[in-house]
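K.L.:
The structure is given below, and queries will be raised subsequently.
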Amino acid sequence: MDVEALRTFAAVAGTGQFQAAADELGISQQAVSKRIATLERHLGVTLLVRMSRGSRLSLDGQVFLPHARKVLAAVERAEQAVRPGSRPLRIDVLNRRIAPAQAVYRFYRPHPEMSLDAVTLSDENAAQAAQAVLEGTVDASFRALPADQVPAGISAERLLDAPLEVLVGPGHPLANAPWVRPADLAGHRIWIPGIRPGTEWAAFYQALSEAFGLSIDALGPNFGDEALMDALADSASLATLVGSGDRYLWPQTHDLRRIPLREPTPVYAHLLLSRTGDQHPVLTALRDHLRSSRQRIPDDVWLPDWMDR
């Protein structure tokens, strides 16, 4: 059933005049007549009785009018639900502990009136997350994706850099260093549980290990961040890598140490992926916030060749 025909019928019923309905809808009187005739043929009844000074509802028209108005109201609610700004911005932050989630949280805290929904597509790699944005499953996603792999219809902007730090327990040989070089980690076991083959972070750590001769692995079961913190606290040889903006908590008795990496500083570059032309006001505000609050990173950074520079 043609929604515009329903809207035209409701307008004629409300004004009692074909010309008045045409003026209200911004169409010609002839178009009004055609729409009403098409609707009546579809239903097989006469809805409006034409008179010399306008029209009135037939008995069938009187019965049909409240149903038509309910359909039109439902259509209006459906349209309103997807208009920019009328629904929450749905954004993938990958993991609630890492830099993207913390950046979105810092944006949201002073603006609680802004409607957004942070989700974690943690089982999808960057290409799959980009496809989810393209299909409208989410509105935006923070990912590391080579420029030549950004799908058509997706805009990608590098807005969030996460310099890496090494995290160790108090008994580790590097525990008291103010900073270390990536090359200084050679010979130490770096454990990052949860690395999955085929993901962009797996590619990042593979490139990092090859560039500096590091031993980075994800061996053993992943019992979560708390278990990783326990293992670091109890070990004099184990280390892991975290982003400087990542938020990890551990008991004070663990006495873990976050040590910056320098000369060079490995950086994980997050792109904000969104549909090209998306005008959602919260997305626009978030993008502006990230641009204005983006921290300057050191000049001597290291990124894999495939990451955005």
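A note on labels: chains of the structure tokens are A, B, ... as shown, every chain counts residues from 1, and ligands are counted from 1 in their shown order.
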Got a sec: who's within 6 Å of A:His172, counting only C-alpha atoms, leaving out chain neighbours fewer than 2 positions off, as a PyMOL selection string?

P.N.:
chain A and resi 169-170+174-175+236-237

K.L.:
Which of stretch 101-222 of chain A end up as strand (DSSP E) when DSSP is run on this backbone - answer as a ChimeraX atom specification?

P.N.:
/A:116-119,140-143,154-168,189-191,215-217

K.L.:
Write out as number ranges by chain all residues of stretch 31-112 of chain A that DSSP puts in helix (DSSP H, G or I) for this structure's backbone.

P.N.:
A: 31-43, 59-82, 99-108

K.L.:
With N, CA and C atoms retained, write the just-selected residues as a short mmCIF file (atom, residue, chain, number, x, y, z; two decimals), in the first residue's frame.

P.N.:
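Result file follows (out_38.cif):
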data_model
loop_
_atom_site.label_atom_id
_atom_site.label_comp_id
_atom_site.auth_asym_id
_atom_site.auth_seq_id
_atom_site.Cartn_x
_atom_site.Cartn_y
_atom_site.Cartn_z
N ALA A 31 -2.63 15.40 -9.02
CA ALA A 31 -1.89 14.34 -8.34
C ALA A 31 -2.68 13.80 -7.15
N VAL A 32 -3.38 14.69 -6.44
CA VAL A 32 -4.23 14.25 -5.33
C VAL A 32 -5.31 13.30 -5.85
N SER A 33 -5.96 13.69 -6.91
CA SER A 33 -7.05 12.87 -7.47
C SER A 33 -6.52 11.50 -7.89
N LYS A 34 -5.33 11.46 -8.52
CA LYS A 34 -4.77 10.18 -8.97
C LYS A 34 -4.44 9.28 -7.78
N ARG A 35 -3.88 9.86 -6.73
CA ARG A 35 -3.53 9.06 -5.56
C ARG A 35 -4.78 8.47 -4.90
N ILE A 36 -5.81 9.27 -4.76
CA ILE A 36 -7.04 8.79 -4.13
C ILE A 36 -7.67 7.70 -4.99
N ALA A 37 -7.69 7.89 -6.32
CA ALA A 37 -8.27 6.89 -7.22
C ALA A 37 -7.50 5.59 -7.14
N THR A 38 -6.17 5.66 -7.07
CA THR A 38 -5.33 4.46 -6.97
C THR A 38 -5.61 3.72 -5.66
N LEU A 39 -5.73 4.47 -4.56
CA LEU A 39 -6.00 3.86 -3.26
C LEU A 39 -7.37 3.19 -3.26
N GLU A 40 -8.37 3.84 -3.83
CA GLU A 40 -9.72 3.27 -3.86
C GLU A 40 -9.74 2.00 -4.72
N ARG A 41 -9.01 2.01 -5.83
CA ARG A 41 -8.94 0.78 -6.65
C ARG A 41 -8.26 -0.35 -5.89
N HIS A 42 -7.21 -0.02 -5.15
CA HIS A 42 -6.50 -1.03 -4.37
C HIS A 42 -7.41 -1.65 -3.31
N LEU A 43 -8.22 -0.82 -2.66
CA LEU A 43 -9.09 -1.31 -1.59
C LEU A 43 -10.41 -1.86 -2.12
N LEU A 59 -18.98 5.93 4.12
CA LEU A 59 -19.00 5.07 5.31
C LEU A 59 -17.71 4.27 5.39
N ASP A 60 -17.25 3.72 4.23
CA ASP A 60 -15.97 2.98 4.23
C ASP A 60 -14.81 3.92 4.57
N GLY A 61 -14.87 5.14 4.10
CA GLY A 61 -13.83 6.12 4.40
C GLY A 61 -13.75 6.42 5.88
N GLN A 62 -14.92 6.51 6.53
CA GLN A 62 -14.95 6.76 7.98
C GLN A 62 -14.33 5.60 8.74
N VAL A 63 -14.59 4.38 8.27
CA VAL A 63 -14.01 3.21 8.93
C VAL A 63 -12.50 3.15 8.71
N PHE A 64 -12.07 3.53 7.48
CA PHE A 64 -10.67 3.38 7.11
C PHE A 64 -9.77 4.46 7.69
N LEU A 65 -10.29 5.68 7.91
CA LEU A 65 -9.48 6.82 8.31
C LEU A 65 -8.65 6.59 9.58
N PRO A 66 -9.23 6.09 10.69
CA PRO A 66 -8.39 5.92 11.89
C PRO A 66 -7.26 4.92 11.68
N HIS A 67 -7.49 3.89 10.86
CA HIS A 67 -6.43 2.92 10.57
C HIS A 67 -5.33 3.57 9.74
N ALA A 68 -5.74 4.40 8.78
CA ALA A 68 -4.75 5.09 7.94
C ALA A 68 -3.89 6.01 8.80
N ARG A 69 -4.51 6.70 9.74
CA ARG A 69 -3.76 7.60 10.60
C ARG A 69 -2.78 6.84 11.50
N LYS A 70 -3.16 5.65 11.95
CA LYS A 70 -2.26 4.84 12.75
C LYS A 70 -1.05 4.39 11.94
N VAL A 71 -1.29 4.01 10.68
CA VAL A 71 -0.18 3.61 9.81
C VAL A 71 0.77 4.78 9.59
N LEU A 72 0.22 5.95 9.33
CA LEU A 72 1.05 7.13 9.10
C LEU A 72 1.85 7.50 10.35
N ALA A 73 1.24 7.35 11.51
CA ALA A 73 1.96 7.62 12.76
C ALA A 73 3.10 6.64 12.96
N ALA A 74 2.85 5.36 12.61
CA ALA A 74 3.90 4.34 12.73
C ALA A 74 5.05 4.63 11.78
N VAL A 75 4.72 5.07 10.56
CA VAL A 75 5.76 5.43 9.59
C VAL A 75 6.58 6.60 10.10
N GLU A 76 5.92 7.58 10.68
CA GLU A 76 6.63 8.74 11.21
C GLU A 76 7.58 8.34 12.34
N ARG A 77 7.11 7.43 13.21
CA ARG A 77 7.98 6.97 14.30
C ARG A 77 9.18 6.21 13.74
N ALA A 78 8.95 5.39 12.71
CA ALA A 78 10.05 4.64 12.10
C ALA A 78 11.07 5.58 11.47
N GLU A 79 10.60 6.61 10.77
CA GLU A 79 11.51 7.57 10.16
C GLU A 79 12.27 8.35 11.22
N GLN A 80 11.57 8.74 12.26
CA GLN A 80 12.20 9.50 13.33
C GLN A 80 13.29 8.70 14.02
N ALA A 81 13.08 7.38 14.11
CA ALA A 81 14.03 6.52 14.82
C ALA A 81 15.39 6.50 14.17
N VAL A 82 15.46 6.73 12.86
CA VAL A 82 16.74 6.64 12.17
C VAL A 82 17.22 7.98 11.64
N ALA A 99 42.64 2.19 24.74
CA ALA A 99 42.57 3.63 24.48
C ALA A 99 41.28 4.12 23.83
N PRO A 100 40.74 3.45 22.80
CA PRO A 100 39.51 3.97 22.20
C PRO A 100 38.36 4.09 23.20
N ALA A 101 38.17 3.07 24.03
CA ALA A 101 37.09 3.13 25.01
C ALA A 101 37.32 4.27 25.99
N GLN A 102 38.56 4.46 26.41
CA GLN A 102 38.85 5.53 27.37
C GLN A 102 38.66 6.90 26.72
N ALA A 103 39.00 7.03 25.44
CA ALA A 103 38.82 8.30 24.74
C ALA A 103 37.34 8.65 24.60
N VAL A 104 36.53 7.65 24.25
CA VAL A 104 35.09 7.88 24.13
C VAL A 104 34.50 8.22 25.49
N TYR A 105 34.98 7.57 26.53
CA TYR A 105 34.49 7.85 27.88
C TYR A 105 34.84 9.28 28.30
N ARG A 106 36.06 9.73 27.99
CA ARG A 106 36.45 11.11 28.32
C ARG A 106 35.59 12.12 27.55
N PHE A 107 35.23 11.77 26.33
CA PHE A 107 34.34 12.63 25.55
C PHE A 107 32.95 12.68 26.17
N TYR A 108 32.47 11.54 26.64
CA TYR A 108 31.08 11.45 27.12
C TYR A 108 30.90 12.09 28.50
#

K.L.:
Using Å and a single decimal, report how far atom CA of A:Ala132 sits from atom CA of A:Asp148.

P.N.:
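Atom-to-atom, atom CA of A:Asp148 to atom CA of A:Ala132, that is 17.7 Å.
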
K.L.:
Given the choices A:Ile259, A:Val49, A:Leu238, A:Ile192, which gets closest to A:Ala218 if the distance is worked out from only C-alpha atoms?

P.N.:
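Answer, going by the shortest atom-to-atom distance: A:Ile192.
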
K.L.:
Please, what distance in Å, to one decimal, runs between atom CA of A:Ser155 and atom CA of A:Arg275?

P.N.:
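Computed distance, atom CA of A:Ser155 to atom CA of A:Arg275, equals 5.9 Å.
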
K.L.:
Point out the residue among A:Ala20, A:Leu249, A:Leu47, A:Leu272 with the least atom-to-atom distance to A:Glu226, counting only C-alpha atoms.

P.N.:
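Closest to A:Glu226, using only C-alpha atoms: A:Leu249.
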
K.L.:
Between A:Ile27, A:Ala127, A:Val150, A:Ala239, single out the one closest to A:Gly198, counting only C-alpha atoms.

P.N.:
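Result for the nearest residue to A:Gly198: A:Ala127.
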
K.L.:
Skip A:Gln19 itself and residues of its chain fewer than 5 positions away, then list as an NGL selection string all residues within 12 Å of it, counting only C-alpha atoms.

P.N.:
:A and (8 or 11-13 or 24-33 or 53-55)

K.L.:
Pull N, CA, C and O atoms from the residues just selected and write them as a PDB file, in the first residue's frame.

P.N.:
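Produced file part_36.pdb, reproduced below:
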ATOM      1  N   THR A   8      -2.178  11.343   1.512  1.00  0.00           N
ATOM      2  CA  THR A   8      -3.062  12.207   0.724  1.00  0.00           C
ATOM      3  C   THR A   8      -4.513  12.039   1.152  1.00  0.00           C
ATOM      4  O   THR A   8      -5.260  13.018   1.300  1.00  0.00           O
ATOM      5  N   ALA A  11      -5.071  13.825   4.341  1.00  0.00           N
ATOM      6  CA  ALA A  11      -5.097  15.274   4.140  1.00  0.00           C
ATOM      7  C   ALA A  11      -6.446  15.734   3.586  1.00  0.00           C
ATOM      8  O   ALA A  11      -7.007  16.747   4.027  1.00  0.00           O
ATOM      9  N   VAL A  12      -6.982  14.991   2.598  1.00  0.00           N
ATOM     10  CA  VAL A  12      -8.294  15.352   2.049  1.00  0.00           C
ATOM     11  C   VAL A  12      -9.368  15.212   3.116  1.00  0.00           C
ATOM     12  O   VAL A  12     -10.263  16.062   3.245  1.00  0.00           O
ATOM     13  N   ALA A  13      -9.271  14.135   3.905  1.00  0.00           N
ATOM     14  CA  ALA A  13     -10.263  13.930   4.968  1.00  0.00           C
ATOM     15  C   ALA A  13     -10.211  15.067   5.981  1.00  0.00           C
ATOM     16  O   ALA A  13     -11.247  15.482   6.520  1.00  0.00           O
ATOM     17  N   GLU A  24      -1.488  21.698   0.948  1.00  0.00           N
ATOM     18  CA  GLU A  24      -0.842  21.210   2.178  1.00  0.00           C
ATOM     19  C   GLU A  24       0.322  20.288   1.860  1.00  0.00           C
ATOM     20  O   GLU A  24       1.375  20.328   2.524  1.00  0.00           O
ATOM     21  N   LEU A  25       0.148  19.446   0.843  1.00  0.00           N
ATOM     22  CA  LEU A  25       1.163  18.447   0.496  1.00  0.00           C
ATOM     23  C   LEU A  25       2.186  18.962  -0.497  1.00  0.00           C
ATOM     24  O   LEU A  25       3.197  18.297  -0.753  1.00  0.00           O
ATOM     25  N   GLY A  26       1.900  20.112  -1.107  1.00  0.00           N
ATOM     26  CA  GLY A  26       2.817  20.671  -2.080  1.00  0.00           C
ATOM     27  C   GLY A  26       2.802  19.956  -3.412  1.00  0.00           C
ATOM     28  O   GLY A  26       3.838  19.848  -4.077  1.00  0.00           O
ATOM     29  N   ILE A  27       1.631  19.442  -3.801  1.00  0.00           N
ATOM     30  CA  ILE A  27       1.485  18.757  -5.084  1.00  0.00           C
ATOM     31  C   ILE A  27       0.286  19.361  -5.816  1.00  0.00           C
ATOM     32  O   ILE A  27      -0.422  20.212  -5.280  1.00  0.00           O
ATOM     33  N   SER A  28       0.041  18.889  -7.029  1.00  0.00           N
ATOM     34  CA  SER A  28      -1.090  19.417  -7.797  1.00  0.00           C
ATOM     35  C   SER A  28      -2.390  18.735  -7.391  1.00  0.00           C
ATOM     36  O   SER A  28      -2.382  17.627  -6.836  1.00  0.00           O
ATOM     37  N   GLN A  29      -3.520  19.387  -7.699  1.00  0.00           N
ATOM     38  CA  GLN A  29      -4.816  18.773  -7.421  1.00  0.00           C
ATOM     39  C   GLN A  29      -4.988  17.496  -8.242  1.00  0.00           C
ATOM     40  O   GLN A  29      -5.584  16.532  -7.776  1.00  0.00           O
ATOM     41  N   GLN A  30      -4.439  17.493  -9.454  1.00  0.00           N
ATOM     42  CA  GLN A  30      -4.524  16.294 -10.290  1.00  0.00           C
ATOM     43  C   GLN A  30      -3.803  15.127  -9.640  1.00  0.00           C
ATOM     44  O   GLN A  30      -4.282  13.983  -9.678  1.00  0.00           O
ATOM     45  N   ALA A  31      -2.633  15.402  -9.018  1.00  0.00           N
ATOM     46  CA  ALA A  31      -1.891  14.337  -8.339  1.00  0.00           C
ATOM     47  C   ALA A  31      -2.683  13.798  -7.151  1.00  0.00           C
ATOM     48  O   ALA A  31      -2.691  12.589  -6.881  1.00  0.00           O
ATOM     49  N   VAL A  32      -3.379  14.685  -6.444  1.00  0.00           N
ATOM     50  CA  VAL A  32      -4.227  14.249  -5.329  1.00  0.00           C
ATOM     51  C   VAL A  32      -5.312  13.305  -5.845  1.00  0.00           C
ATOM     52  O   VAL A  32      -5.560  12.228  -5.281  1.00  0.00           O
ATOM     53  N   SER A  33      -5.964  13.689  -6.909  1.00  0.00           N
ATOM     54  CA  SER A  33      -7.046  12.870  -7.469  1.00  0.00           C
ATOM     55  C   SER A  33      -6.521  11.495  -7.893  1.00  0.00           C
ATOM     56  O   SER A  33      -7.163  10.464  -7.644  1.00  0.00           O
ATOM     57  N   ARG A  53     -18.876  21.330  -3.521  1.00  0.00           N
ATOM     58  CA  ARG A  53     -18.037  22.223  -2.725  1.00  0.00           C
ATOM     59  C   ARG A  53     -16.983  21.451  -1.919  1.00  0.00           C
ATOM     60  O   ARG A  53     -16.592  21.882  -0.847  1.00  0.00           O
ATOM     61  N   GLY A  54     -16.554  20.340  -2.436  1.00  0.00           N
ATOM     62  CA  GLY A  54     -15.531  19.589  -1.736  1.00  0.00           C
ATOM     63  C   GLY A  54     -15.823  18.107  -1.734  1.00  0.00           C
ATOM     64  O   GLY A  54     -16.314  17.557  -2.716  1.00  0.00           O
ATOM     65  N   SER A  55     -15.539  17.479  -0.623  1.00  0.00           N
ATOM     66  CA  SER A  55     -15.774  16.042  -0.503  1.00  0.00           C
ATOM     67  C   SER A  55     -16.050  15.694   0.947  1.00  0.00           C
ATOM     68  O   SER A  55     -15.721  16.450   1.863  1.00  0.00           O
TER      69      SER A  55
END

K.L.:
Here is a test: counting only C-alpha atoms, which residue of A:Phe212, A:Phe18, A:Phe223, A:Trp302 is nearest to A:Arg262?

P.N.:
A:Trp302

K.L.:
Set the distance at 7 Å and use only C-alpha atoms: which residues neighbour stretch 134-147 of chain A once local chain neighbours fewer than 5 positions away are removed? I'd like the list as an MDAnalysis selection string.

P.N.:
chainID A and resid 89:93 100 126 129 153:154 200 269:275 306:308

K.L.:
For atom CA of A:Gln279 and atom CA of A:Asp161, quote the distance in Å rounded to one decimal.

P.N.:
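It comes out at 24.2 Å.
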
K.L.:
Between A:Gly245, A:Pro193, A:Pro260, A:Gly14, single out the one closest to A:Pro221, counting only C-alpha atoms.

P.N.:
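The closest residue to A:Pro221 is A:Pro193.
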